[in-house]
Amino acid sequence: MIHLRSVEKSYSRGEQRVLACAVDRLDIAAGEQVALIGRSGTGKTTLLHILAGILRPDRGEVEIAGERLDRLGEAARDRHRGQHIGMVYQTFNLLQPFTALENVLLGALFGRGAGPDAKRRAEALLEQVGLGDRMHHRPGQLSVGQVQRVAICRALVNDPELVLMDEPLGNQDRTTGGQVLDLLLDLAKRSGKTVVMVTHDPESARRMQRTVDLASLRAGTEVHA
Amino acid sequence: MRLGSISLRNLRVRLVATVLTTLSIVLATALYAAILTMSEQTEQRYKGSIGGFQAVVGPKDASQLEVVLNTIFNVDVAPGLFPLQICTDLRAGRMAGRRTQVRYAIPQARGDSVSRFNFPVIGTIDEMFARFEWRYDGETREPLRFQAGGPFAYGYDELLQLADGLAAYETARRTEAPEPRPERPLIQPQWKKAVVGARVARTLGLGLGSTITPVHGKFGEFGYHEHPEATCEIVGVLAPTNSPLDTTIFLPIGLHYLIDGHEGGVFLVETPPGKTPDDARKLPVEAGRMGLTAIVVDPKDHFGARLLRQEFASKEAQVAWPADVIPKFLQQVGNAADALAVIAWLVLLVAAISITVAIYNTMNERRREIAIMRSLGARRFQILAIIVGEASLLSLFGAVLGLVVCHAAMLLLRDLVEDKTGVYLEWLQFRPWELWLVLGVAGIGALAGLLPAVKGSMTQVADNLAHNY
């Protein structure tokens with residue numbers, strides 16, 4: 001599902017180039033649930049953005065779901081992300097003017113289309129995560145746990161092969177966050193989705209099948225939890 | 001869900017800015033539509049009112065435009081008088097070829113009005129309702145029709161008889177002839193009848209059997225007085241024509257001449273060489289020199305019209321051709337309308353700039369929102385479409401609302417505009433250009449949204465996802 005070879009991404013800071021992320025080799029099989037861990041500044045989020053196609057590496061190969069993202073233009077990477085990748089962020093990134101259902105449908109709109117089928121699928125997902133009676137509430141009217149569940153539904157509405165999560169439990173208590181994460185992992189497992197989670201929380205990482213330390217990827221070794 | 005619904009939602013979220021920006025579009029569109037409507041309806045009004053007849057005879061010392069505007073469009077006071085004999089000669093074929101060359105020549109005398117609206121009173125003969133055609137569209141000629149009642153009875157022969165009687169009386173009075181002198185003709189009860197235009201009846205709440213009293217001078221101004229001796233019963237109400245005829249009151253022309261105070265100016269007297277005007281006022285008067293303010297003439301055909309153009313020769317009267325005069329007049333009016341239209345376009349331009357500024361100013365606070373949509377797979381062109389869509393929708397609302405405001409203003413102001421300009425605004429009439437105006441304004445709005453849209457579509461996704469604003 002995911003194959004990275006000799007990937008590097010750096011940024012300019014004044015006249016200096018700062019290496020933000022470097023991965024010699026990373027392979028993740030379809031259906032795997034992998035935690036990417038690392039200290040702050042090791043480039044976890046940058047790597048996640050490279051996997052999503054939001055960023056293009058300066059060099060190296062990035063193959064996701066059979067597509068070489070490093071060779072695609074921006075619009076093609078956007079389309080690929082919309083159709084094949086679901087994303088859950090630390091801050092959930094729901095759009096405040098839209099209801100829970102509309103936020104989920106936004107994912108469909110920019111993915112496989114927000115027709116009547118997508119609406120039925122969005123409603124079914126929200127029912128599944130216990131938000132059947134909160135579909136028409138705006139994010140401001142929902143608890144943090146409910147917002148997180150809406151974000152998960154949005155990530156799953158296009159039935160993507162890959163779900164990327166960036167510190168999904170960062171802003172909430174462990175019990176609620178853990179339950180929601182379990183819910184997502186369960187949903188993903190049942191539909192055979194690959195899940196990659198960036199986290200610095202060891203407990204969250206333990207819920208995944210495999211843990212990869214980003215620092216080790218440069219040396220070409222993977223650390224398994 | 002569609003991109004359009006995102007645009008719509010974004011407008012709703014920024015309601016105050018949306019309303020304020022929309023208002024500027026509403027004003028610009030309403031202003032532009034009002035100018036176009038006024039200009040178009042003025043042209044329609046003027047062109048539509050000159051089709052049924054071809055010429056107007058008026059006093060020589062007035063301009064052709066004055067003659068036409070006063071006779072056909074009731075603008076200003078009558079510019080002067082000329083002798084009745086000219087009308088008699090025209091009708092007899094003595095002034096423009098043979099008699100058959102003129103289909104009709106209807107005399108008019110005006111000077112009084114009715115009510116504070118100053119509806120003009122015109123003295124005329126019954127041919128005005130039997131022969132006069134107020135509109136000719138190239139196929140059918142349209143005479144005046146009545147929505148109630150019918151015409152008064154007063155023919156040209158009666159006018160000539162009255163002229164003779166009045167001339168005899170005036171001559172005896174002026175020359176201080178020995179008694180017994182001829183008596184002044186009296187107002188006959190059957191002459192105290194009036195026909196009113198549709199708008200006069202509507203505005204003053206008049207119907208058959210109602211009475212009106214002509215007044216001299218303008219309502220409330222110095223010299224204003226009523227003529228109770230000429231109070232008339234309404235015997236006919238004309239059907240609406242959307243022309244100045246709607247605001248006109250017609251009386252038998254004989255009644256006009258017998259109204260108290262009119263006798264002094266009824267006859268035209270030339271001051272002979274070596275005499276003073278006072279001397280002239282003591283000279284005999286002739287029936288044929290009773291004063292008219294206008295004659296509405298329709299030559300029988302092109303040949304008749306040519307004869308009238310070539311052979312009409314009088315030192316006291318001239319023939320004015322509305323078909324020549326009105327287009328020149330409208331061109332001048334049109335130039336003024338064009339200048340106003342430029343102002344309206346400038347207002348629209350300012351409104352478009354306000355859209356650009358209003359949306360552009362939100363771009364910073366929307367970077368995260370745009371980055372989120374991009375992270376969900378939105379392409380740059382979709383972001384561009386959403387923002388351009390906002391500007392277009394805003395302009396579209398504004399343009400539609402502007403037209404509604406324009407039509408509502410026409411409804412509210414139509415009486416005032418008609419009183420002041422003689423143009424009747426048809427507020428319910430929608431024209432094809434209104435659709436183009438709406439689309440044009442929406443298009444301008446879309447262009448105005450392009451700059452912020454490009455800025456929005458250039459938003460860096462990764463940078464803006466990382467921040468919590």
# chains A, B, ... in the order shown; residues from 1 in each chain; ligands from 1
call {"tool": "interface_residues", "arguments": {"of": "chain A", "to": "chain B", "cutoff": "7 Å", "atoms": "only C-alpha atoms", "output": "number ranges by chain"}}
result
A: 54, 75, 78-79, 81-82, 93, 95, 97, 105, 107, 109-111, 114
call {"tool": "write_last_selection", "arguments": {"atoms": "N, CA and C atoms", "output": "PDB file, in the first residue's frame"}}
result
ATOM      1  N   ILE A  54      -0.138  16.246   0.063  1.00  0.00           N
ATOM      2  CA  ILE A  54      -0.224  17.702   0.278  1.00  0.00           C
ATOM      3  C   ILE A  54       1.138  18.325  -0.018  1.00  0.00           C
ATOM      4  N   ALA A  75      -2.825  18.970  -8.953  1.00  0.00           N
ATOM      5  CA  ALA A  75      -4.255  18.665  -9.105  1.00  0.00           C
ATOM      6  C   ALA A  75      -4.490  17.156  -9.027  1.00  0.00           C
ATOM      7  N   ASP A  78      -4.226  16.110  -5.502  1.00  0.00           N
ATOM      8  CA  ASP A  78      -5.454  16.510  -4.783  1.00  0.00           C
ATOM      9  C   ASP A  78      -6.571  15.492  -5.035  1.00  0.00           C
ATOM     10  N   ARG A  79      -6.715  15.135  -6.320  1.00  0.00           N
ATOM     11  CA  ARG A  79      -7.769  14.188  -6.686  1.00  0.00           C
ATOM     12  C   ARG A  79      -7.519  12.835  -6.022  1.00  0.00           C
ATOM     13  N   ARG A  81      -5.859  12.260  -3.298  1.00  0.00           N
ATOM     14  CA  ARG A  81      -6.113  12.374  -1.853  1.00  0.00           C
ATOM     15  C   ARG A  81      -7.611  12.310  -1.584  1.00  0.00           C
ATOM     16  N   GLY A  82      -8.388  13.040  -2.388  1.00  0.00           N
ATOM     17  CA  GLY A  82      -9.828  13.063  -2.175  1.00  0.00           C
ATOM     18  C   GLY A  82     -10.451  11.688  -2.314  1.00  0.00           C
ATOM     19  N   ASN A  93     -10.338  19.854  12.544  1.00  0.00           N
ATOM     20  CA  ASN A  93     -10.518  20.667  11.333  1.00  0.00           C
ATOM     21  C   ASN A  93     -11.904  20.553  10.712  1.00  0.00           C
ATOM     22  N   LEU A  95     -15.361  22.395   9.661  1.00  0.00           N
ATOM     23  CA  LEU A  95     -15.691  23.772   9.286  1.00  0.00           C
ATOM     24  C   LEU A  95     -16.913  24.228  10.093  1.00  0.00           C
ATOM     25  N   PRO A  97     -19.173  26.694  10.001  1.00  0.00           N
ATOM     26  CA  PRO A  97     -20.515  27.070   9.508  1.00  0.00           C
ATOM     27  C   PRO A  97     -21.366  25.872   9.091  1.00  0.00           C
ATOM     28  N   LEU A 105     -20.177  15.459   4.429  1.00  0.00           N
ATOM     29  CA  LEU A 105     -20.426  15.533   2.984  1.00  0.00           C
ATOM     30  C   LEU A 105     -19.374  16.351   2.245  1.00  0.00           C
ATOM     31  N   GLY A 107     -16.283  16.111   2.747  1.00  0.00           N
ATOM     32  CA  GLY A 107     -15.277  15.103   2.389  1.00  0.00           C
ATOM     33  C   GLY A 107     -15.664  14.390   1.109  1.00  0.00           C
ATOM     34  N   LEU A 109     -17.763  15.585  -1.219  1.00  0.00           N
ATOM     35  CA  LEU A 109     -17.801  16.542  -2.334  1.00  0.00           C
ATOM     36  C   LEU A 109     -16.449  16.624  -3.040  1.00  0.00           C
ATOM     37  N   PHE A 110     -15.376  16.688  -2.248  1.00  0.00           N
ATOM     38  CA  PHE A 110     -14.050  16.822  -2.848  1.00  0.00           C
ATOM     39  C   PHE A 110     -13.410  15.458  -3.112  1.00  0.00           C
ATOM     40  N   GLY A 111     -14.162  14.401  -2.812  1.00  0.00           N
ATOM     41  CA  GLY A 111     -13.638  13.061  -3.053  1.00  0.00           C
ATOM     42  C   GLY A 111     -14.351  12.399  -4.213  1.00  0.00           C
ATOM     43  N   ALA A 114     -20.689  14.195  -3.902  1.00  0.00           N
ATOM     44  CA  ALA A 114     -21.628  14.298  -2.778  1.00  0.00           C
ATOM     45  C   ALA A 114     -23.065  14.128  -3.237  1.00  0.00           C
TER      46      ALA A 114
END
call {"tool": "residues_around", "arguments": {"residues": "Ala163 of chain B", "least_positions_apart": "4", "cutoff": "10 Å", "atoms": "only C-alpha atoms", "output": "list in words"}}
result
Leu84, Asp157, Glu158, Leu159, Ala167, Ala168, Tyr169, Pro185, Gly254, Tyr257, Val266, Phe267, Glu286, Ala287, Gly288, Arg289, Met290 and Gly291 of chain B
call {"tool": "atom_distance", "arguments": {"atom1": "atom CA of Leu206 of chain B", "atom2": "atom CA of Tyr136 of chain B"}}
result
28.9 Å
call {"tool": "residues_around", "arguments": {"residues": "Val62 of chain A", "least_positions_apart": "3", "cutoff": "8 Å", "atoms": "only C-alpha atoms", "output": "list in words"}}
result
Ile2, His3, Leu4, Arg5, Val7, Ile50, Leu51, Arg68, Leu69 and Asp70 of chain A
call {"tool": "closest_residue", "arguments": {"among": "A:Glu67, A:Ala205, A:Val180, A:Cys153", "to": "Lys119 of chain A", "atoms": "only C-alpha atoms"}}
result
A:Cys153
call {"tool": "residues_around", "arguments": {"residues": "segment 23-35 of chain B", "least_positions_apart": "2", "cutoff": "9 Å", "atoms": "only C-alpha atoms", "output": "PyMOL selection string"}}
result
chain B and resi 18-21+37-40+337-338+340-352+354-355+394-407+409-410+434+437-438+441
call {"tool": "write_last_selection", "arguments": {"atoms": "N, CA and C atoms", "output": "short mmCIF file (atom, residue, chain, number, x, y, z; two decimals), in the first residue's frame"}}
result
data_model
loop_
_atom_site.label_atom_id
_atom_site.label_comp_id
_atom_site.auth_asym_id
_atom_site.auth_seq_id
_atom_site.Cartn_x
_atom_site.Cartn_y
_atom_site.Cartn_z
N THR B 18 -22.06 40.87 3.86
CA THR B 18 -22.83 40.49 2.68
C THR B 18 -23.95 41.50 2.41
N VAL B 19 -24.67 41.87 3.47
CA VAL B 19 -25.79 42.79 3.31
C VAL B 19 -25.29 44.15 2.82
N LEU B 20 -24.20 44.63 3.44
CA LEU B 20 -23.69 45.95 3.07
C LEU B 20 -23.20 45.97 1.62
N THR B 21 -22.49 44.91 1.25
CA THR B 21 -21.98 44.86 -0.12
C THR B 21 -23.13 44.71 -1.11
N THR B 37 -34.99 52.69 -17.86
CA THR B 37 -36.45 52.64 -17.95
C THR B 37 -37.01 54.02 -18.30
N MET B 38 -36.53 55.03 -17.59
CA MET B 38 -37.02 56.39 -17.86
C MET B 38 -36.73 56.79 -19.31
N SER B 39 -35.50 56.49 -19.71
CA SER B 39 -35.10 56.87 -21.06
C SER B 39 -35.96 56.13 -22.10
N GLU B 40 -36.14 54.83 -21.85
CA GLU B 40 -36.91 54.01 -22.80
C GLU B 40 -38.38 54.42 -22.82
N ALA B 337 -29.42 61.01 -20.90
CA ALA B 337 -29.58 59.68 -20.30
C ALA B 337 -28.27 58.90 -20.38
N ASP B 338 -27.54 59.09 -21.49
CA ASP B 338 -26.25 58.41 -21.63
C ASP B 338 -25.29 58.87 -20.54
N LEU B 340 -26.10 60.01 -17.61
CA LEU B 340 -26.54 59.41 -16.35
C LEU B 340 -26.15 57.93 -16.29
N ALA B 341 -26.24 57.27 -17.46
CA ALA B 341 -25.89 55.84 -17.50
C ALA B 341 -24.41 55.65 -17.17
N VAL B 342 -23.59 56.59 -17.62
CA VAL B 342 -22.16 56.49 -17.30
C VAL B 342 -21.98 56.59 -15.78
N ILE B 343 -22.74 57.49 -15.17
CA ILE B 343 -22.65 57.62 -13.70
C ILE B 343 -23.08 56.31 -13.04
N ALA B 344 -24.17 55.72 -13.57
CA ALA B 344 -24.65 54.46 -13.00
C ALA B 344 -23.59 53.37 -13.14
N TRP B 345 -22.91 53.34 -14.29
CA TRP B 345 -21.85 52.35 -14.48
C TRP B 345 -20.71 52.57 -13.48
N LEU B 346 -20.43 53.86 -13.22
CA LEU B 346 -19.37 54.15 -12.25
C LEU B 346 -19.78 53.66 -10.85
N VAL B 347 -21.06 53.87 -10.53
CA VAL B 347 -21.55 53.37 -9.23
C VAL B 347 -21.41 51.86 -9.18
N LEU B 348 -21.72 51.23 -10.31
CA LEU B 348 -21.61 49.76 -10.38
C LEU B 348 -20.15 49.33 -10.23
N LEU B 349 -19.27 50.11 -10.82
CA LEU B 349 -17.84 49.80 -10.72
C LEU B 349 -17.38 49.90 -9.27
N VAL B 350 -17.84 50.96 -8.59
CA VAL B 350 -17.48 51.13 -7.18
C VAL B 350 -18.03 49.95 -6.37
N ALA B 351 -19.26 49.54 -6.70
CA ALA B 351 -19.85 48.40 -6.00
C ALA B 351 -19.03 47.14 -6.24
N ALA B 352 -18.57 46.98 -7.48
CA ALA B 352 -17.75 45.80 -7.81
C ALA B 352 -16.44 45.82 -7.02
N SER B 354 -16.08 47.22 -4.19
CA SER B 354 -16.42 46.92 -2.79
C SER B 354 -16.56 45.41 -2.57
N ILE B 355 -17.02 44.70 -3.61
CA ILE B 355 -17.08 43.23 -3.51
C ILE B 355 -15.67 42.69 -3.38
N LEU B 394 -23.64 37.08 -4.70
CA LEU B 394 -23.89 38.37 -4.06
C LEU B 394 -24.37 39.40 -5.09
N SER B 395 -23.70 39.42 -6.24
CA SER B 395 -24.08 40.37 -7.29
C SER B 395 -25.44 40.02 -7.87
N LEU B 396 -25.67 38.72 -8.02
CA LEU B 396 -26.96 38.27 -8.56
C LEU B 396 -28.10 38.71 -7.64
N PHE B 397 -27.94 38.46 -6.32
CA PHE B 397 -28.97 38.90 -5.37
C PHE B 397 -29.16 40.41 -5.49
N GLY B 398 -28.03 41.10 -5.50
CA GLY B 398 -28.07 42.57 -5.55
C GLY B 398 -28.77 43.06 -6.80
N ALA B 399 -28.46 42.42 -7.94
CA ALA B 399 -29.05 42.85 -9.21
C ALA B 399 -30.56 42.60 -9.21
N VAL B 400 -30.96 41.42 -8.76
CA VAL B 400 -32.40 41.08 -8.75
C VAL B 400 -33.13 42.03 -7.80
N LEU B 401 -32.53 42.23 -6.63
CA LEU B 401 -33.13 43.13 -5.65
C LEU B 401 -33.17 44.56 -6.19
N GLY B 402 -32.12 44.93 -6.92
CA GLY B 402 -32.06 46.26 -7.52
C GLY B 402 -33.21 46.47 -8.49
N LEU B 403 -33.51 45.44 -9.28
CA LEU B 403 -34.64 45.55 -10.22
C LEU B 403 -35.96 45.66 -9.46
N VAL B 404 -36.06 44.87 -8.38
CA VAL B 404 -37.29 44.94 -7.57
C VAL B 404 -37.45 46.35 -7.01
N VAL B 405 -36.34 46.89 -6.51
CA VAL B 405 -36.37 48.26 -5.95
C VAL B 405 -36.76 49.26 -7.05
N CYS B 406 -36.19 49.07 -8.23
CA CYS B 406 -36.49 49.97 -9.35
C CYS B 406 -37.99 49.93 -9.68
N HIS B 407 -38.54 48.72 -9.78
CA HIS B 407 -39.96 48.61 -10.13
C HIS B 407 -40.85 49.15 -9.00
N ALA B 409 -40.00 51.49 -6.91
CA ALA B 409 -39.89 52.94 -6.96
C ALA B 409 -40.76 53.51 -8.07
N MET B 410 -40.81 52.77 -9.20
CA MET B 410 -41.66 53.22 -10.31
C MET B 410 -43.13 53.23 -9.88
N GLU B 434 -33.59 43.65 -18.91
CA GLU B 434 -33.46 43.49 -17.46
C GLU B 434 -32.77 42.17 -17.14
N LEU B 437 -29.23 42.73 -17.83
CA LEU B 437 -28.63 43.56 -16.78
C LEU B 437 -28.26 42.68 -15.57
N VAL B 438 -29.18 41.81 -15.18
CA VAL B 438 -28.91 40.92 -14.04
C VAL B 438 -27.69 40.04 -14.34
N VAL B 441 -24.50 42.18 -14.34
CA VAL B 441 -24.04 42.54 -13.00
C VAL B 441 -23.43 41.32 -12.31
#
call {"tool": "residues_around", "arguments": {"residues": "Leu283 of chain B", "least_positions_apart": "5", "cutoff": "9 Å", "atoms": "only C-alpha atoms", "output": "JSON list (two decimals) with C-alpha atoms, in the first residue's frame"}}
result
[["chain", "number", "residue", "atom", "x", "y", "z"],
["B", 171, "THR", "CA", -66.39, 95.13, -32.97],
["B", 174, "ARG", "CA", -64.42, 98.28, -29.37],
["B", 175, "THR", "CA", -65.62, 100.86, -31.89],
["B", 269, "VAL", "CA", -55.41, 92.44, -33.71]]
call {"tool": "residues_around", "arguments": {"residues": "Cys21 of chain A", "least_positions_apart": "5", "cutoff": "7 Å", "atoms": "only C-alpha atoms", "output": "ChimeraX atom specification"}}
result
/A:8-10,42-43,46-47
call {"tool": "residues_around", "arguments": {"residues": "Phe119 of chain B", "least_positions_apart": "6", "cutoff": "8 Å", "atoms": "only C-alpha atoms", "output": "PDB file with N, CA and C atoms, in the first residue's frame"}}
result
ATOM      1  N   SER B 113     -56.660  75.101 -16.625  1.00  0.00           N
ATOM      2  CA  SER B 113     -56.342  73.766 -16.127  1.00  0.00           C
ATOM      3  C   SER B 113     -57.347  73.395 -15.045  1.00  0.00           C
ATOM      4  N   VAL B 200     -56.978  61.538 -15.455  1.00  0.00           N
ATOM      5  CA  VAL B 200     -57.695  62.620 -14.775  1.00  0.00           C
ATOM      6  C   VAL B 200     -58.829  62.016 -13.955  1.00  0.00           C
ATOM      7  N   THR B 247     -54.026  62.682 -19.408  1.00  0.00           N
ATOM      8  CA  THR B 247     -54.064  63.738 -18.387  1.00  0.00           C
ATOM      9  C   THR B 247     -54.724  65.009 -18.926  1.00  0.00           C
ATOM     10  N   THR B 248     -55.493  64.862 -19.975  1.00  0.00           N
ATOM     11  CA  THR B 248     -56.074  66.038 -20.632  1.00  0.00           C
ATOM     12  C   THR B 248     -57.583  66.101 -20.413  1.00  0.00           C
ATOM     13  N   ILE B 249     -58.095  67.327 -20.355  1.00  0.00           N
ATOM     14  CA  ILE B 249     -59.545  67.551 -20.249  1.00  0.00           C
ATOM     15  C   ILE B 249     -59.977  68.315 -21.504  1.00  0.00           C
TER      16      ILE B 249
END
call {"tool": "select_by_dssp", "arguments": {"residues": "segment 168-273 of chain B", "states": "alpha helix (DSSP H)", "output": "PDB file with N, CA and C atoms, in the first residue's frame"}}
result
ATOM      1  N   ALA B 168     -68.850  90.276 -34.041  1.00  0.00           N
ATOM      2  CA  ALA B 168     -69.802  91.384 -34.166  1.00  0.00           C
ATOM      3  C   ALA B 168     -69.910  92.127 -32.840  1.00  0.00           C
ATOM      4  N   TYR B 169     -70.003  91.351 -31.765  1.00  0.00           N
ATOM      5  CA  TYR B 169     -70.138  91.961 -30.437  1.00  0.00           C
ATOM      6  C   TYR B 169     -68.884  92.767 -30.096  1.00  0.00           C
ATOM      7  N   GLU B 170     -67.719  92.161 -30.320  1.00  0.00           N
ATOM      8  CA  GLU B 170     -66.450  92.805 -29.964  1.00  0.00           C
ATOM      9  C   GLU B 170     -66.219  94.063 -30.802  1.00  0.00           C
ATOM     10  N   THR B 171     -66.576  93.967 -32.101  1.00  0.00           N
ATOM     11  CA  THR B 171     -66.388  95.132 -32.973  1.00  0.00           C
ATOM     12  C   THR B 171     -67.232  96.300 -32.480  1.00  0.00           C
ATOM     13  N   ALA B 172     -68.489  96.006 -32.164  1.00  0.00           N
ATOM     14  CA  ALA B 172     -69.382  97.062 -31.682  1.00  0.00           C
ATOM     15  C   ALA B 172     -68.854  97.648 -30.383  1.00  0.00           C
ATOM     16  N   ARG B 173     -68.361  96.757 -29.503  1.00  0.00           N
ATOM     17  CA  ARG B 173     -67.862  97.220 -28.200  1.00  0.00           C
ATOM     18  C   ARG B 173     -66.609  98.068 -28.381  1.00  0.00           C
ATOM     19  N   ARG B 174     -65.705  97.585 -29.223  1.00  0.00           N
ATOM     20  CA  ARG B 174     -64.421  98.279 -29.373  1.00  0.00           C
ATOM     21  C   ARG B 174     -64.580  99.616 -30.122  1.00  0.00           C
ATOM     22  N   ALA B 198     -58.171  59.259 -18.966  1.00  0.00           N
ATOM     23  CA  ALA B 198     -58.310  58.188 -17.974  1.00  0.00           C
ATOM     24  C   ALA B 198     -57.624  58.549 -16.654  1.00  0.00           C
ATOM     25  N   ARG B 199     -56.446  59.136 -16.751  1.00  0.00           N
ATOM     26  CA  ARG B 199     -55.702  59.455 -15.523  1.00  0.00           C
ATOM     27  C   ARG B 199     -56.376  60.569 -14.736  1.00  0.00           C
ATOM     28  N   VAL B 200     -56.978  61.538 -15.455  1.00  0.00           N
ATOM     29  CA  VAL B 200     -57.695  62.620 -14.775  1.00  0.00           C
ATOM     30  C   VAL B 200     -58.829  62.016 -13.955  1.00  0.00           C
ATOM     31  N   ALA B 201     -59.588  61.120 -14.603  1.00  0.00           N
ATOM     32  CA  ALA B 201     -60.725  60.500 -13.918  1.00  0.00           C
ATOM     33  C   ALA B 201     -60.246  59.708 -12.709  1.00  0.00           C
ATOM     34  N   ARG B 202     -59.132  58.956 -12.899  1.00  0.00           N
ATOM     35  CA  ARG B 202     -58.625  58.097 -11.821  1.00  0.00           C
ATOM     36  C   ARG B 202     -58.117  58.957 -10.656  1.00  0.00           C
ATOM     37  N   THR B 203     -57.332  59.964 -10.989  1.00  0.00           N
ATOM     38  CA  THR B 203     -56.701  60.768  -9.936  1.00  0.00           C
ATOM     39  C   THR B 203     -57.720  61.589  -9.161  1.00  0.00           C
ATOM     40  N   LEU B 204     -58.669  62.161  -9.893  1.00  0.00           N
ATOM     41  CA  LEU B 204     -59.628  63.049  -9.220  1.00  0.00           C
ATOM     42  C   LEU B 204     -60.902  62.311  -8.807  1.00  0.00           C
ATOM     43  N   ILE B 253     -64.799  74.044 -27.742  1.00  0.00           N
ATOM     44  CA  ILE B 253     -63.931  75.219 -27.900  1.00  0.00           C
ATOM     45  C   ILE B 253     -64.715  76.523 -27.723  1.00  0.00           C
ATOM     46  N   GLY B 254     -66.021  76.469 -28.033  1.00  0.00           N
ATOM     47  CA  GLY B 254     -66.860  77.661 -27.860  1.00  0.00           C
ATOM     48  C   GLY B 254     -66.925  78.071 -26.398  1.00  0.00           C
ATOM     49  N   LEU B 255     -66.993  77.096 -25.529  1.00  0.00           N
ATOM     50  CA  LEU B 255     -67.044  77.383 -24.097  1.00  0.00           C
ATOM     51  C   LEU B 255     -65.761  78.107 -23.679  1.00  0.00           C
ATOM     52  N   HIS B 256     -64.630  77.651 -24.234  1.00  0.00           N
ATOM     53  CA  HIS B 256     -63.334  78.275 -23.900  1.00  0.00           C
ATOM     54  C   HIS B 256     -63.374  79.770 -24.213  1.00  0.00           C
ATOM     55  N   TYR B 257     -63.951  80.111 -25.369  1.00  0.00           N
ATOM     56  CA  TYR B 257     -63.949  81.518 -25.767  1.00  0.00           C
ATOM     57  C   TYR B 257     -64.917  82.366 -24.954  1.00  0.00           C
ATOM     58  N   LEU B 258     -65.905  81.726 -24.343  1.00  0.00           N
ATOM     59  CA  LEU B 258     -66.916  82.498 -23.617  1.00  0.00           C
ATOM     60  C   LEU B 258     -66.636  82.578 -22.124  1.00  0.00           C
ATOM     61  N   GLU B 263     -62.326  87.060 -23.204  1.00  0.00           N
ATOM     62  CA  GLU B 263     -62.770  87.822 -24.375  1.00  0.00           C
ATOM     63  C   GLU B 263     -61.713  88.793 -24.895  1.00  0.00           C
ATOM     64  N   GLY B 264     -60.944  89.378 -23.975  1.00  0.00           N
ATOM     65  CA  GLY B 264     -59.948  90.355 -24.406  1.00  0.00           C
ATOM     66  C   GLY B 264     -58.912  89.755 -25.334  1.00  0.00           C
ATOM     67  N   GLY B 265     -58.514  88.500 -25.077  1.00  0.00           N
ATOM     68  CA  GLY B 265     -57.436  87.902 -25.870  1.00  0.00           C
ATOM     69  C   GLY B 265     -57.932  86.972 -26.933  1.00  0.00           C
ATOM     70  N   VAL B 266     -59.240  86.932 -27.165  1.00  0.00           N
ATOM     71  CA  VAL B 266     -59.785  85.980 -28.124  1.00  0.00           C
ATOM     72  C   VAL B 266     -59.396  86.342 -29.552  1.00  0.00           C
TER      73      VAL B 266
END
call {"tool": "select_by_dssp", "arguments": {"residues": "segment 79-216 of chain A", "states": "strand (DSSP E or B)", "output": "ChimeraX atom specification"}}
result
/A:85-88,162-166,194-199,210-213
call {"tool": "decode", "arguments": {"residues": "segment 306-315 of chain B", "atoms": "N, CA and C atoms", "output": "PDB file, in the first residue's frame"}}
result
ATOM      1  N   ARG B 306     -46.620  66.492 -48.572  1.00  0.00           N
ATOM      2  CA  ARG B 306     -45.647  67.286 -49.330  1.00  0.00           C
ATOM      3  C   ARG B 306     -46.222  68.658 -49.679  1.00  0.00           C
ATOM      4  N   LEU B 307     -47.506  68.645 -50.064  1.00  0.00           N
ATOM      5  CA  LEU B 307     -48.156  69.924 -50.368  1.00  0.00           C
ATOM      6  C   LEU B 307     -48.174  70.830 -49.148  1.00  0.00           C
ATOM      7  N   LEU B 308     -48.484  70.197 -47.991  1.00  0.00           N
ATOM      8  CA  LEU B 308     -48.545  70.988 -46.762  1.00  0.00           C
ATOM      9  C   LEU B 308     -47.174  71.583 -46.445  1.00  0.00           C
ATOM     10  N   ARG B 309     -46.133  70.787 -46.638  1.00  0.00           N
ATOM     11  CA  ARG B 309     -44.764  71.275 -46.399  1.00  0.00           C
ATOM     12  C   ARG B 309     -44.416  72.424 -47.346  1.00  0.00           C
ATOM     13  N   GLN B 310     -44.812  72.255 -48.631  1.00  0.00           N
ATOM     14  CA  GLN B 310     -44.368  73.214 -49.653  1.00  0.00           C
ATOM     15  C   GLN B 310     -45.258  74.447 -49.729  1.00  0.00           C
ATOM     16  N   GLU B 311     -46.557  74.240 -49.539  1.00  0.00           N
ATOM     17  CA  GLU B 311     -47.480  75.332 -49.852  1.00  0.00           C
ATOM     18  C   GLU B 311     -47.957  76.107 -48.641  1.00  0.00           C
ATOM     19  N   PHE B 312     -47.763  75.563 -47.464  1.00  0.00           N
ATOM     20  CA  PHE B 312     -48.245  76.287 -46.285  1.00  0.00           C
ATOM     21  C   PHE B 312     -47.385  77.524 -46.094  1.00  0.00           C
ATOM     22  N   ALA B 313     -48.011  78.649 -46.178  1.00  0.00           N
ATOM     23  CA  ALA B 313     -47.255  79.890 -46.028  1.00  0.00           C
ATOM     24  C   ALA B 313     -48.104  80.872 -45.245  1.00  0.00           C
ATOM     25  N   SER B 314     -47.621  81.246 -44.114  1.00  0.00           N
ATOM     26  CA  SER B 314     -48.351  82.201 -43.288  1.00  0.00           C
ATOM     27  C   SER B 314     -47.339  82.992 -42.481  1.00  0.00           C
ATOM     28  N   LYS B 315     -47.616  84.262 -42.279  1.00  0.00           N
ATOM     29  CA  LYS B 315     -46.686  85.047 -41.464  1.00  0.00           C
ATOM     30  C   LYS B 315     -47.014  84.907 -39.988  1.00  0.00           C
TER      31      LYS B 315
END
